[in-house]
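So the structure is just underneath, and the comments pick up after that.
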Amino acid sequence: MDFALTEEQEMIRESAENFLADVSTSAAVREAMQTEQGYDQQVWRRICEEMVWPAIHIPEIYGGMGLGYVELAVLLEKMGKYLLCSPYFSTVCLGVNALLIAGTKQQKGDYLPKIAEGQLTATLAYTGINGRWDAHGVQATYQKTDAGYLLNGQFRFVPDGHTAELLIVAAREEGSQGEQGVALFALSAEVQGVTRQWLPTMDQTRKQAEINFAAVSVDDSALMINADSGWSKLSSIIQLAQVAIAAEQMGGAQQTLDMAVDYTQEREQFGRKIASYQAIKHKAADMMLKAEVARSAVYFAACVGQEVLAEQGDAELIDDLPQAASMAKAYCSDAFFFNAGNGIQFFGGVGFTWEYDCHLYFKRAKSTETFLGNASYHRELIAKQLLDTDGGLS
Amino acid sequence: MDFALTEEQEMIRESAENFLADVSTSAAVREAMQTEQGYDQQVWRRICEEMVWPAIHIPEIYGGMGLGYVELAVLLEKMGKYLLCSPYFSTVCLGVNALLIAGTKQQKGDYLPKIAEGQLTATLAYTGINGRWDAHGVQATYQKTDAGYLLNGQFRFVPDGHTAELLIVAAREEGSQGEQGVALFALSAEVQGVTRQWLPTMDQTRKQAEINFAAVSVDDSALMINADSGWSKLSSIIQLAQVAIAAEQMGGAQQTLDMAVDYTQEREQFGRKIASYQAIKHKAADMMLKAEVARSAVYFAACVGQEVLAEQGDAELIDDLPQAASMAKAYCSDAFFFNAGNGIQFFGGVGFTWEYDCHLYFKRAKSTETFLGNASYHRELIAKQLLDTDGGLS
Amino acid sequence: MKLQFSAEDELFRAEFSAWLADNLTGEFEVIRYRGGPGDEHMYPSERHQWEKKMAAGGWTCIGWPKAYGGKDASIEQQVIFHEEYARVGGPGRMGHIGEGLTGPTIIAYGSEEQKQKYLPGILDGTELWCQGYSEPSAGSDLAAVKTKAVLDEGLNKWRISGQKVWTSLAHESDWCFVVARTDPQSQRHKGLGFFLVKMDQPGVEVRPIEQLTGTSEFNEVFFDEAVAEDILGKPGEGWTIAMALLGFERGVSTLGQQMLFQNELDTIVHVAKDNGASQDPALRQRIAEAHTGLRLMRYNAMRMLSDPTSGDLDKSALVYKLHWASWHRNLGKLAMDVLGPESEICASGPYELTRLQSMYLFTRSDTIYGGTNQVQRNIIAERGLGMPREAKG
Amino acid sequence: MKLQFSAEDELFRAEFSAWLADNLTGEFEVIRYRGGPGDEHMYPSERHQWEKKMAAGGWTCIGWPKAYGGKDASIEQQVIFHEEYARVGGPGRMGHIGEGLTGPTIIAYGSEEQKQKYLPGILDGTELWCQGYSEPSAGSDLAAVKTKAVLDEGLNKWRISGQKVWTSLAHESDWCFVVARTDPQSQRHKGLGFFLVKMDQPGVEVRPIEQLTGTSEFNEVFFDEAVAEDILGKPGEGWTIAMALLGFERGVSTLGQQMLFQNELDTIVHVAKDNGASQDPALRQRIAEAHTGLRLMRYNAMRMLSDPTSGDLDKSALVYKLHWASWHRNLGKLAMDVLGPESEICASGPYELTRLQSMYLFTRSDTIYGGTNQVQRNIIAERGLGMPREAKG
């Protein structure tokens, strides 16, 4: 057992730190977030070509670096720290994962090398206007046709949905309900019948879109591996995405703590540095506890994710994915919100100005808390696993 | 509008303070709580004869003082402060209220004067072994017979159930469910078929008992006003009891704050009075906030209780009883527990010894929190009123 | 104890409520529910018109003595006034600094001449005031005043130089009251003066502060040898006057504030019933808790106002700010969680927030301005519980 | 990063687990799950027998160097040892002060002669130790030592006078280590010595402290010119040694502690499923939160143990005490709330508490002993975040 980053992982961490400190400054974030696209094309090119980050956990046979989910988590932590505006999360933590988990051999071969090379962005759309993150959220429908499938319906809250080039979408067989009848399709965003609209969001650093499918016709090759396991595959994809979000949140939780503590060492009130007030110190201690526990939650879940994606992963750890993901997402959502909110309080009046960065983190904390389910949603999932088994009372 | 105690109410408050400071010392509480009976007979006699407290809100036509629920709340606050061990709560806040709300003229005339004179103790039993505080808690049953009624079943968690002389019990018509078919009966604890057993409790200052009814036969005069409104009457009785408990809790919340603050002014750590640590000051401030808000909650609910028991109460306020009671019970349960728990923390090591009084309050806080429903139970009741009306979605 | 209002007070309620029904209509329909905290920058000209309408109806400054044009309204009536006003969504009062702070302060500390000069403009809604308290480096530490006042012997008036911050409506105001240091050698709350400064003059510059909402409700105000029209009281009395003024701020208007909170909570309950969040057990608990907190806030305020020593820092008043600020901050979060994923979506691009989003973001300032939660807890512990004061650096 | 244990370690696990299955039976059945925190006063003689049984099997002091009779077990193996022990409900170790604190301290600071004298008794489970750290007026302030040590020139031994408190198992112990002031002029952590004192002598008196549970797990120990058999290190080195000893206390045993917590949580889940509390949405949230908290505590401990600087105050270690103490306190409350009204009812009269009631009440001490939550937060802020130290009075 060794639950510390390896030397190689530490190196990845350091190079991510250096790169992002350079390209994702406050000014750069503010510029990118005010565009509809939501990111700086040039920075994205550098991420793809110089850092080769989209390739990080794509297997080598598909042109990737073949590293694991822990390495990905290391990057995400730093991206969260620097509020990086980019289609990385949607392309890699949704798109690549979906292809790895549910892609046909053909689809993997078609898309993964392009993503690895930085030639393709992608996203996953599954939630409809009801805004649910569980199987009931899948509201779009599909019908089998002679030529393939006909897709109809609306998706909302789709990360980078207005810019992604490859769409992976969930739809259900007409008339099906809940976890039954869910299938995944991979298709170009340019297919006829697809319309997409940017949804301006409170957190400007992470773009969302609405996507409408009006009689979108795809051929059989668009269907991903589903058979009867569409929801089960989609669940795993969602859980891996939750781990990824949690990693970003953990980076944000650490950063808001660090910013707040730095400020307390310079700001004076009533003739004393505010760092010397015990109320401030104790709140900072609580924030540090949350950041540290968040770190443990994320790295454990990332180790589990690693096994899930591995050729021959540890069966026990693989079974742990739903719970590990829910624990990480629940804890990190609360931790980031707690730290970002207290960060504003530490900064006092300037904390709620546009000029200082506190609000950027605070808004990111809220948007990531909501996305893919908040703590109470995930605790209920955990409770189901704990309490509703072995014939619990009804 | 005037939401302050009147001069007369202030006088009652002061005399209660003086009397209880004298008879309900820590030593007296500890002696009484270790008996199975749970109170000192002599103190109880003085309460009845010298202070005439059981008579406080009994109408004058039944030999009472004819005062209101606010005056009762004033006494209860002080009893909570001094952890008074006595059958007052069960006799007055359960027994008298039950008779006032649901007693026949005959029952009122028979029992209220005796209680007012201190000749009779009483209690209310409604919850069965399922331990529920709502209508489903009524598990005992009744059958109509030629001679009257036949009662069967078990009651648990009955305050002073092993010593009370008059029992007011809820039973349901055989086969009925929920809020339907509930009736109340008043009978002597000496009736054949009644067996009672003290249940030793974690909070020793408030005794509970189990009562078993095995084919207990009573005549028609034992039936209280019920017709089809048994549960509705019982609800009001329970809600008035919740207000009473909340008043005691508020007194306890204030007292645990005061004890803790006093101790911080004498105890030193690292060469400073612990009162000088901001972490201690801020926690004390939070405790004071809770005590103050608890006070507002209790006195508002007591005003409502006053209208409920008045000859011609204000209709709008009367309708507010369920919510006012739930708000008071929810808030004061949490406030008392918060303050009592933090009190132990302020005292440090000695706070969890038997010798110091912290634990007596901490245990009382827990037992009263649980009794008649904790904060989460009451919040759900409030949510039902707020959210499940006007055809809310299902 | 009596919870009901007297028949006379209920008559007063009916009268004001009828006036509002007749007048807060037509051209003023657009400003209903607007201009409150977080929204103060909206519709300034319509709201200024509304001030004059209120004045014409005799509904400004009702708590002032009759001698100065008020109605000498009782505490109960002022409570009713604020409640009814908020109940119908009366717009954020642009005159509230003048009516609630400057006016009472001038009545208490001003000369007869000053009263004649300043009170009528407040009463008739023509002259608006803003406040110059906080300074950038001061924060919750009001005594850390660096703004200077120097007597211009030629003009025989004081000139003000320095910077104030968190001044709302500075752009719209005719006057600003300013706490400034008259004695350059003095420290903290000694040597301060309380000045009345005309905004429209070369030495005054207003710069909006952009807030986390992307809008600007607050401003920085720069004074560069600006001429103070008047000084209230004497040089050196500034702190006493400023503290008295803060005392006027508390009290009756809190019940109006609560009515605004009630409007917000009602909206949230409505959303919850509409989108099904009302069936989420965790949200049900939080909605019930919010509802309880608000009602208890009301009862606490009633106790505070019923207390004969009201205005002093009695216990129910001491905890009031901490209570409402923390409650409101939680309400903001609750609003977003009830909305679910829709909470992220703006009213329109590029960054037009919905009312609930604005409210949510703005509540983060509630626990900061007017004394942070930390400062409030110090005050409660020190004044309410007699615990030792924090060491000054 | 690797979460799995090596095959060799798993073999070690199998070996110990088999030994436990064979030996924690029969006469020892009664002490399974007994003698943990809050229950340490129970079954002392059976548990002392068990210590000797453990020793005979070679399962005491496995982390000690082989030279002193240990197994030089790796961190992983020690983790496994504690996990397996707790998993089967191994009784609270009466030998843990000797094995975990005194022994390592003697190995680090003792003379060869002292090692020969004291280590064998610890190893074979015959000699039990208790600790003399806290003093009544000191609380979390360990440096506020008033107990005195005076050199008896005749005996050439030190004599100890003073009072220690919160000493568990003092009645059952053969030895006590005592921090006492060797230099009467000294202040705080200067001038202290670290002494080894035989309990069975006229100058030592033990008085049980009755706790809120009605039972006595802790004691006061009074020293009246008691003779110290030995001093570890030199006079004046007491603080250094005491701090090093506290360092030994942290670490590997935490995973065993967590297994005890897991047993408690499992019981609560069982009760909840049984009595229907598992269908209460608010309790479901809290049970899930408790489960999450415990698992994350485990991962945090694994990070702490994997850190090459383990033993030092790295960040995951700094927050550990605050985390588990707060978590466990919440668990206690959760247990009662899951039980509902039955939570009040004792096992039997007059005051025999159930295990969960004892646990609940005893958890209130978790946030106090070993440094209160307040002291922990100071330490985190000061050492972990570099914030200023609290002013000393």
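By order in the structure tokens, chains are A, B, ...; within a chain, residues start at 1; ligands start at 1, following the order shown.
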When you get a sec, could you note down which chain C residues fall within 10 Å of chain D, using only C-alpha atoms, as a ChimeraX atom specification?
-> /C:280-282,285,391
Produce a file of the selected residues containing N, CA and C atoms, as a PDB file, in the first residue's frame.
ATOM      1  N   ASP C 280     -38.439  17.112  -2.164  1.00  0.00           N
ATOM      2  CA  ASP C 280     -37.109  16.652  -1.760  1.00  0.00           C
ATOM      3  C   ASP C 280     -36.990  16.810  -0.237  1.00  0.00           C
ATOM      4  N   PRO C 281     -36.804  15.690   0.484  1.00  0.00           N
ATOM      5  CA  PRO C 281     -36.831  15.763   1.954  1.00  0.00           C
ATOM      6  C   PRO C 281     -35.810  16.745   2.534  1.00  0.00           C
ATOM      7  N   ALA C 282     -34.621  16.784   1.949  1.00  0.00           N
ATOM      8  CA  ALA C 282     -33.590  17.669   2.506  1.00  0.00           C
ATOM      9  C   ALA C 282     -33.995  19.132   2.293  1.00  0.00           C
ATOM     10  N   GLN C 285     -36.730  20.198   4.762  1.00  0.00           N
ATOM     11  CA  GLN C 285     -36.178  20.576   6.057  1.00  0.00           C
ATOM     12  C   GLN C 285     -35.649  22.007   6.020  1.00  0.00           C
ATOM     13  N   ALA C 391      -7.948  42.303  22.346  1.00  0.00           N
ATOM     14  CA  ALA C 391      -6.782  43.183  22.442  1.00  0.00           C
ATOM     15  C   ALA C 391      -6.646  43.965  21.145  1.00  0.00           C
TER      16      ALA C 391
END
Interface residues on chain B facing chain D, 9 Å, only C-alpha atoms, written as a PyMOL selection string | chain B and resi 34-36+129-132+157+199-204+208+267-273+277+279-280+341+344-345+348-356+358-360+363+366-367+370-371+373-374+376
How would the residues just chosen look if you wrote them out with C-alpha atoms as a compact mmCIF listing (two decimals), in the first residue's frame?
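In the end it all went to selection-v3.txt:
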# COMPACT_ATOMS: atom_id res chain seq x y z
CA GLN B 34 -31.72 8.84 42.15
CA THR B 35 -35.06 7.74 43.53
CA GLU B 36 -37.49 5.70 41.48
CA ILE B 129 -43.82 0.71 21.71
CA ASN B 130 -43.30 2.05 18.19
CA GLY B 131 -42.26 5.30 19.86
CA ARG B 132 -43.95 7.52 17.31
CA PHE B 157 -42.20 6.68 27.44
CA LEU B 199 -38.16 2.68 32.92
CA PRO B 200 -34.74 3.87 34.10
CA THR B 201 -33.60 6.64 31.78
CA MET B 202 -30.36 8.31 30.76
CA ASP B 203 -31.78 11.64 31.94
CA GLN B 204 -32.55 10.80 35.53
CA GLN B 208 -40.57 7.60 32.29
CA ARG B 267 -10.67 29.17 34.31
CA GLU B 268 -7.22 29.88 32.91
CA GLN B 269 -5.38 28.12 30.08
CA PHE B 270 -1.99 29.11 28.74
CA GLY B 271 -1.91 31.95 31.25
CA ARG B 272 -5.15 33.63 30.14
CA LYS B 273 -8.74 33.48 31.28
CA TYR B 277 -10.14 33.59 23.70
CA ALA B 279 -13.10 31.13 19.86
CA ILE B 280 -14.77 30.94 23.27
CA GLY B 341 -23.07 20.50 24.56
CA ILE B 344 -19.36 20.75 28.46
CA GLN B 345 -16.73 21.87 25.97
CA GLY B 348 -13.17 20.97 29.51
CA GLY B 349 -12.19 17.87 31.48
CA VAL B 350 -14.39 18.58 34.49
CA GLY B 351 -17.32 19.11 32.14
CA PHE B 352 -17.72 15.39 31.68
CA THR B 353 -17.41 14.41 35.32
CA TRP B 354 -20.37 13.35 37.39
CA GLU B 355 -19.48 15.95 39.98
CA TYR B 356 -20.14 19.02 37.85
CA CYS B 358 -22.97 20.04 33.02
CA HIS B 359 -24.03 16.48 32.33
CA LEU B 360 -27.36 16.89 34.07
CA LYS B 363 -28.90 14.76 29.44
CA LYS B 366 -31.28 15.18 24.93
CA SER B 367 -34.32 13.69 26.64
CA THR B 370 -36.43 13.46 21.76
CA PHE B 371 -39.66 13.70 23.71
CA GLY B 373 -40.42 14.97 18.44
CA ASN B 374 -37.05 16.46 17.63
CA SER B 376 -36.26 17.35 12.16
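Atom to atom, atom CA of Ala183 of chain B and atom CA of Asp160 of chain B stand 21.4 Å apart.
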Strand (DSSP E or B) per DSSP on the backbone: members of segment 199-282 of chain C, as JSON, numbers by chain | {"C": [204, 205, 206, 207, 208, 209, 211, 218, 219, 220, 221, 222, 223, 224, 225, 226, 227, 228, 229, 230, 231, 232]}
DSSP-assigned helix (DSSP H, G or I) among segment 146-296 of chain A, expressed as a ChimeraX atom specification | /A:220-222,230-264,274-276,278-296
Segment 13-28 of chain B surroundings by only C-alpha atoms, 8 Å radius, close-in-sequence under 3 positions cut, as a list in words =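 Those residues are Gln9, Glu10, Glu31, Ala32, Val43, Val74, Leu75, Lys78, Met79, Tyr82, Leu83, Leu84, Cys85 and Asp357 of chain B.
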Could you take the residues named above and write them with N, CA and C atoms, as a PDB file, in the first residue's frame?
ATOM      1  N   GLN B   9     -46.309  39.343  35.653  1.00  0.00           N
ATOM      2  CA  GLN B   9     -45.552  38.188  35.154  1.00  0.00           C
ATOM      3  C   GLN B   9     -44.101  38.236  35.641  1.00  0.00           C
ATOM      4  N   GLU B  10     -43.553  39.427  35.685  1.00  0.00           N
ATOM      5  CA  GLU B  10     -42.182  39.571  36.205  1.00  0.00           C
ATOM      6  C   GLU B  10     -42.115  39.153  37.675  1.00  0.00           C
ATOM      7  N   GLU B  31     -30.310  14.192  44.622  1.00  0.00           N
ATOM      8  CA  GLU B  31     -30.961  13.258  45.544  1.00  0.00           C
ATOM      9  C   GLU B  31     -32.273  12.750  44.943  1.00  0.00           C
ATOM     10  N   ALA B  32     -33.055  13.677  44.422  1.00  0.00           N
ATOM     11  CA  ALA B  32     -34.366  13.297  43.883  1.00  0.00           C
ATOM     12  C   ALA B  32     -34.223  12.388  42.666  1.00  0.00           C
ATOM     13  N   VAL B  43     -40.879  18.761  48.766  1.00  0.00           N
ATOM     14  CA  VAL B  43     -40.781  19.892  47.837  1.00  0.00           C
ATOM     15  C   VAL B  43     -42.068  20.002  47.026  1.00  0.00           C
ATOM     16  N   VAL B  74     -43.566  31.104  32.162  1.00  0.00           N
ATOM     17  CA  VAL B  74     -42.610  31.764  33.056  1.00  0.00           C
ATOM     18  C   VAL B  74     -42.112  30.778  34.121  1.00  0.00           C
ATOM     19  N   LEU B  75     -43.056  30.025  34.688  1.00  0.00           N
ATOM     20  CA  LEU B  75     -42.659  29.015  35.696  1.00  0.00           C
ATOM     21  C   LEU B  75     -41.785  27.930  35.071  1.00  0.00           C
ATOM     22  N   LYS B  78     -38.176  28.709  34.522  1.00  0.00           N
ATOM     23  CA  LYS B  78     -37.365  28.614  35.734  1.00  0.00           C
ATOM     24  C   LYS B  78     -37.175  27.166  36.178  1.00  0.00           C
ATOM     25  N   MET B  79     -38.202  26.343  35.995  1.00  0.00           N
ATOM     26  CA  MET B  79     -38.052  24.921  36.325  1.00  0.00           C
ATOM     27  C   MET B  79     -36.983  24.287  35.437  1.00  0.00           C
ATOM     28  N   TYR B  82     -33.580  25.290  36.706  1.00  0.00           N
ATOM     29  CA  TYR B  82     -33.143  24.599  37.929  1.00  0.00           C
ATOM     30  C   TYR B  82     -33.321  23.090  37.857  1.00  0.00           C
ATOM     31  N   LEU B  83     -33.646  22.570  36.677  1.00  0.00           N
ATOM     32  CA  LEU B  83     -33.814  21.114  36.514  1.00  0.00           C
ATOM     33  C   LEU B  83     -34.728  20.521  37.568  1.00  0.00           C
ATOM     34  N   LEU B  84     -35.762  21.252  37.918  1.00  0.00           N
ATOM     35  CA  LEU B  84     -36.647  20.793  38.987  1.00  0.00           C
ATOM     36  C   LEU B  84     -37.130  19.365  38.736  1.00  0.00           C
ATOM     37  N   CYS B  85     -36.985  18.529  39.744  1.00  0.00           N
ATOM     38  CA  CYS B  85     -37.512  17.177  39.665  1.00  0.00           C
ATOM     39  C   CYS B  85     -38.884  17.184  40.338  1.00  0.00           C
ATOM     40  N   ASP B 357     -22.303  19.874  37.167  1.00  0.00           N
ATOM     41  CA  ASP B 357     -23.698  19.735  36.739  1.00  0.00           C
ATOM     42  C   ASP B 357     -23.895  19.714  35.221  1.00  0.00           C
TER      43      ASP B 357
END
Write out as a list in words each polymer residue whose atoms come within 10 Å of Gln255 of chain B, counting only C-alpha atoms; drop sequence neighbours fewer than 2 positions from it.
-> Glu77, Lys78, Gly80, Lys81, Tyr82, Leu83, Gln249, Met250, Gly251, Gly252, Ala253, Leu257, Asp258, Met259, Ala260, Val261, Ala291, Phe336, Asn339, Ala340, Gly343 and Tyr361 of chain B
